[in-house]
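The structure appears below as structure tokens.
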There are 2 protein chains.
Amino acid sequence: MARKPPTKPRKNASQARSRATVDALVEATARILVREGFEKASTNRIAEVAGVSVGSLYQYFPSKEALVAAVIDRHNEEIMGFVRGAFVEVADMPVEPAVRRLVTVAIESHHINPRLHRVLDEQIPRAGKLDVEASNREVHALVRSYLESRRAELRKIDLGLAAFVCVSTIEAIAHNTVLNQAEMLSEKMVKTLIDETTRMVVGFLK
Amino acid sequence: MARKPPTKPRKNASQARSRATVDALVEATARILVREGFEKASTNRIAEVAGVSVGSLYQYFPSKEALVAAVIDRHNEEIMGFVRGAFVEVADMPVEPAVRRLVTVAIESHHINPRLHRVLDEQIPRAGKLDVEASNREVHALVRSYLESRRAELRKIDLGLAAFVCVSTIEAIAHNTVLNQAEMLSEKMVKTLIDETTRMVVGFLK
DNA sequence: AGAAAAAGCGAGTTATCGCTCGCATTATAT
DNA sequence: ATATAATGCGAGCGATAACTCGCTTTTTCT
């Protein structure tokens with residue numbers, strides 16, 4: 001008897017239907033954030049929408065913040081999936097088409113879940129925002145290493161600085177395009193915008 | 001007798017020491033945001049730090065949000081003061097030095113109260129963020145009208161689009177420079193960054 | 001000086017919300 | 001079958017925070 005000490009510190013991994021519970025909780029949180037806003041996302045409400053009890057919620061998430069962080073993480077990973085794929089695609093391309101592709105992907109990736117993206121951007125008090133910062137660093141590193149591989153095509157410039165400028169620029173334009181300009185963007189406008197952004201960045205690098 | 005109906009709807013203008021009270025409240029809010037963070041900025045605490053009572057607070061501000069909005073407004077107006085000045089300076093300059101000046105001002109303006117700027121950016125759930133949006137529109141209009149006045153120097157390009165790209169780019173680089181890269185920036189690095197950003201934007205426009 | 005209005009006060013009300021805890025149900029192991 | 005662990009439940013506790021209200025103090029006006 002007494003195989004093991006019951007080990008119940010809090011927030012354990014899962015191995016069956018508990019997975020479903022965790023998923024339901026994260027999904028419910030995302031839905032509430034989108035449909036009712038951050039303020040309405042109380043733990044009781046989240047549990048209710050997820051169809052589980054508050055008690056269950058606290059078995060898997062030590063705090064409300066952890067839950068929101070999980071939503072952010074999930075969304076972030078979706079986007080990073082796209083982005084990493086783009087860098088693989090682009091690895092052997094010359095600068096101009098590569099930049100064009102990356103700009104396009106930056107804009108597309110903001111379309112994954114724009115309503116959630118907006119809420120996360122505008123309403124969530126990201127204290128440490130460790131995840132986002134990690135993604136930023138990763139993107140920076142990816143850009144930098146691509147630029148290194150194409151150094152021959154580029155003018156003399158510090159690659160760290162170049163990567164910083166490229167990432168900031170492309171991200172900002174993609175972000176503002178999708179979130180600020182509402183969704184009233186014609187296909188053609190977007191095409192023009194991609195052309196112009198590409199032109200600017202390529203002109204800067206060469 | 002009965003000169004006027006007592007008119008006490010809430011949140012009236014002021015005409016004496018009440019100005020001081022209002023100022024103290026806004027200032028206290030800003031200080032708490034910077035020193036203790038958004039979560040600690042309760043109305044009771046704000047009143048305490050301002051040296052007034054909660055009751056007085058609610059005579060001038062109908063809600064906590066109104067107070068935070070006032071802080072945002074004040075900070076925004078400080079920055080917009082700089083920015084408007086820059087556009088006056090720049091009005092008769094050719095594109096290259098004008099862009100250089102605007103990039104410099106964008107970076108400088110993030111140095112006005114960086115700690116507050118960071119808190120407002122990271123911790124404040126800006127619901128409508130009407131003020132910020134208004135500032136954005138104003139900056140966009142200023143850039144656009146400058147570009148119009150220099151149309152002869154520019155390549156053929158839609159000026160609205162050009163303004164959008166310029167504003168997004170310069171703002172993002174300034175923002176990331178001051179807030180993300182910590183404050184570990186040498187004078188020389190900043191100079192290089194201004195050079196490179198100017199080069200990119202000017203190259204894009206011409 | 002005296003009255004009325006403006007400004008200020010702060011204990012208390014009300015409500016919400018994060019989170020716990022003891023117990024019930026379901027799955028796994030022997 | 002029965003013990004043991006895993007999962008789930010939800011009423012309720014404790015804390016906190018936004019905001020009110022009746023009252024006092026200060027200023028303004030005549």
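Chain labels follow the order of the structure tokens: the first chain is A, the next B, and so on; residue numbering restarts at 1 in every chain, and ligands are counted from 1 in their shown order.
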Chain D residues near range 2-25 of chain C within 10 Å, closest pair each, using only C-alpha atoms (C1' of nucleotides), as a tab-separated table:
```
residue	atom	partner	partner_atom	distance
D:DT7	C1'	C:DT25	C1'	8.3
D:DG8	C1'	C:DT25	C1'	7.3
D:DC9	C1'	C:DA24	C1'	7.4
D:DG12	C1'	C:DT20	C1'	9.2
D:DC13	C1'	C:DT20	C1'	8.1
D:DG14	C1'	C:DC19	C1'	9.5
D:DA15	C1'	C:DG18	C1'	9.2
D:DT16	C1'	C:DC17	C1'	9.0
D:DA17	C1'	C:DT16	C1'	9.1
D:DA18	C1'	C:DA15	C1'	9.1
D:DC19	C1'	C:DT13	C1'	9.0
D:DT20	C1'	C:DT13	C1'	7.8
D:DC21	C1'	C:DG12	C1'	9.6
D:DC23	C1'	C:DC9	C1'	8.4
D:DT24	C1'	C:DC9	C1'	7.6
D:DT25	C1'	C:DG8	C1'	7.3
D:DT26	C1'	C:DA7	C1'	7.2
D:DT27	C1'	C:DA6	C1'	7.2
D:DT28	C1'	C:DA5	C1'	7.9
D:DC29	C1'	C:DA4	C1'	8.7
D:DT30	C1'	C:DA3	C1'	9.5
```
*chain A contacts to chain B at 10 Å (only C-alpha atoms) as a PyMOL selection string*: chain A and resi 37-39+119-129+133+157-158+161-162+164-177+180-181+189+192-193+196-205
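Between CA of Glu138 in chain A and CA of Ala152 in chain A the separation is 23.2 Å.
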*Determine, counting only C-alpha atoms (C1' of nucleotides), which protein, DNA and RNA residues have an atom within 8 Å of an atom of range 83-86 of chain B; residues of the same chain fewer than 5 positions away are not included. Present the result as a list in words.*
Arg101, Leu102, Val105, Ala106 and Ser109 of chain B
Output C-alpha atoms for every residue in that selection, as a compact mmCIF listing (two decimals), in the first residue's frame.
```txt
# COMPACT_ATOMS: atom_id res chain seq x y z
CA ARG B 101 14.96 65.84 -37.81
CA LEU B 102 11.65 64.01 -37.51
CA VAL B 105 12.39 64.06 -32.52
CA ALA B 106 10.50 60.77 -32.54
CA SER B 109 9.94 62.41 -27.57
```
*Could you list, as a ChimeraX atom specification, every residue of chain A that has an atom within 12 Å of an atom of chain C, counting only C-alpha atoms (C1' of nucleotides)?*
/A:1,3,15-18,39-45,54-59,61-65
*From range 23-201 of chain B, collect each residue whose DSSP state is helix (DSSP H, G or I) and return the set as a PyMOL selection string.*
chain B and resi 23-36+38-40+43-50+54-60+64-90+95-109+114-122+130-149+151-153+159-180+187-201
*Nearest to chain D among A:Glu27, A:Glu96, A:Glu48, A:Glu36, with distances taken over only C-alpha atoms (C1' of nucleotides): which residue is it?*
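Among the listed residues, A:Glu48 lies closest to chain D.
CA of Val143 in chain B sits 27.2 Å away from CA of Glu108 in chain A.
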*Which residues, written as an MDAnalysis selection string, have at least one atom at most 10 Å from Arg115 in chain B, with only C-alpha atoms (C1' of nucleotides) counted and residues fewer than 5 positions away on the same chain left out?*
chainID B and resid 30:31 33:35 110 120:121 179
Go ahead and write the residues just picked, all heavy atoms, as a compact mmCIF listing (two decimals), in the first residue's frame.
```txt
# COMPACT_ATOMS: atom_id res chain seq x y z
N ALA B 30 -0.11 59.57 -11.92
CA ALA B 30 1.08 59.30 -12.74
C ALA B 30 2.19 58.70 -11.90
O ALA B 30 2.84 57.71 -12.28
CB ALA B 30 1.56 60.60 -13.40
N ARG B 31 2.39 59.27 -10.72
CA ARG B 31 3.48 58.77 -9.85
C ARG B 31 3.23 57.32 -9.44
O ARG B 31 4.14 56.50 -9.44
CB ARG B 31 3.59 59.64 -8.60
CG ARG B 31 4.19 61.00 -8.87
CD ARG B 31 4.08 61.88 -7.63
NE ARG B 31 5.11 61.61 -6.63
CZ ARG B 31 6.27 62.24 -6.58
NH1 ARG B 31 6.57 63.15 -7.49
NH2 ARG B 31 7.16 61.97 -5.64
N LEU B 33 1.38 55.11 -10.98
CA LEU B 33 1.53 54.24 -12.15
C LEU B 33 3.00 53.90 -12.35
O LEU B 33 3.35 52.74 -12.60
CB LEU B 33 0.97 54.93 -13.40
CG LEU B 33 -0.55 55.04 -13.47
CD1 LEU B 33 -0.98 55.78 -14.73
CD2 LEU B 33 -1.20 53.66 -13.43
N VAL B 34 3.84 54.90 -12.24
CA VAL B 34 5.27 54.69 -12.48
C VAL B 34 5.91 53.88 -11.36
O VAL B 34 6.66 52.94 -11.61
CB VAL B 34 5.99 56.04 -12.63
CG1 VAL B 34 7.49 55.86 -12.56
CG2 VAL B 34 5.59 56.70 -13.93
N ARG B 35 5.59 54.24 -10.12
CA ARG B 35 6.31 53.63 -9.00
C ARG B 35 5.71 52.34 -8.51
O ARG B 35 6.41 51.50 -7.94
CB ARG B 35 6.38 54.62 -7.83
CG ARG B 35 6.69 56.06 -8.31
CD ARG B 35 7.79 56.73 -7.56
NE ARG B 35 7.46 57.06 -6.20
CZ ARG B 35 7.71 58.26 -5.63
NH1 ARG B 35 8.26 59.23 -6.37
NH2 ARG B 35 7.43 58.48 -4.39
N HIS B 110 10.21 60.07 -27.03
CA HIS B 110 10.02 58.91 -26.17
C HIS B 110 10.82 59.02 -24.88
O HIS B 110 10.68 58.19 -23.98
CB HIS B 110 10.41 57.63 -26.91
CG HIS B 110 9.33 57.10 -27.78
ND1 HIS B 110 9.04 57.63 -29.01
CD2 HIS B 110 8.42 56.10 -27.60
CE1 HIS B 110 8.02 56.96 -29.55
NE2 HIS B 110 7.63 56.04 -28.73
N LEU B 120 2.15 53.14 -19.47
CA LEU B 120 0.96 53.40 -20.28
C LEU B 120 0.88 52.41 -21.43
O LEU B 120 -0.20 51.94 -21.79
CB LEU B 120 0.98 54.84 -20.82
CG LEU B 120 0.91 55.95 -19.77
CD1 LEU B 120 0.93 57.32 -20.44
CD2 LEU B 120 -0.31 55.81 -18.89
N ASP B 121 2.03 52.09 -21.99
CA ASP B 121 2.05 51.18 -23.13
C ASP B 121 1.77 49.74 -22.73
O ASP B 121 1.09 49.01 -23.44
CB ASP B 121 3.41 51.27 -23.81
CG ASP B 121 3.47 50.42 -25.06
OD1 ASP B 121 2.69 50.71 -25.99
OD2 ASP B 121 4.27 49.47 -25.10
N LEU B 179 12.16 51.76 -25.69
CA LEU B 179 11.52 50.89 -24.69
C LEU B 179 12.05 49.46 -24.68
O LEU B 179 12.18 48.87 -23.61
CB LEU B 179 10.01 50.89 -24.88
CG LEU B 179 9.33 52.24 -24.66
CD1 LEU B 179 7.83 52.08 -24.62
CD2 LEU B 179 9.82 52.88 -23.37
```
_Gap from CA of Val68 in chain B to CA of His75 in chain A - Å, one decimal_ =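 Separation of CA of Val68 in chain B and CA of His75 in chain A: 29.0 Å.
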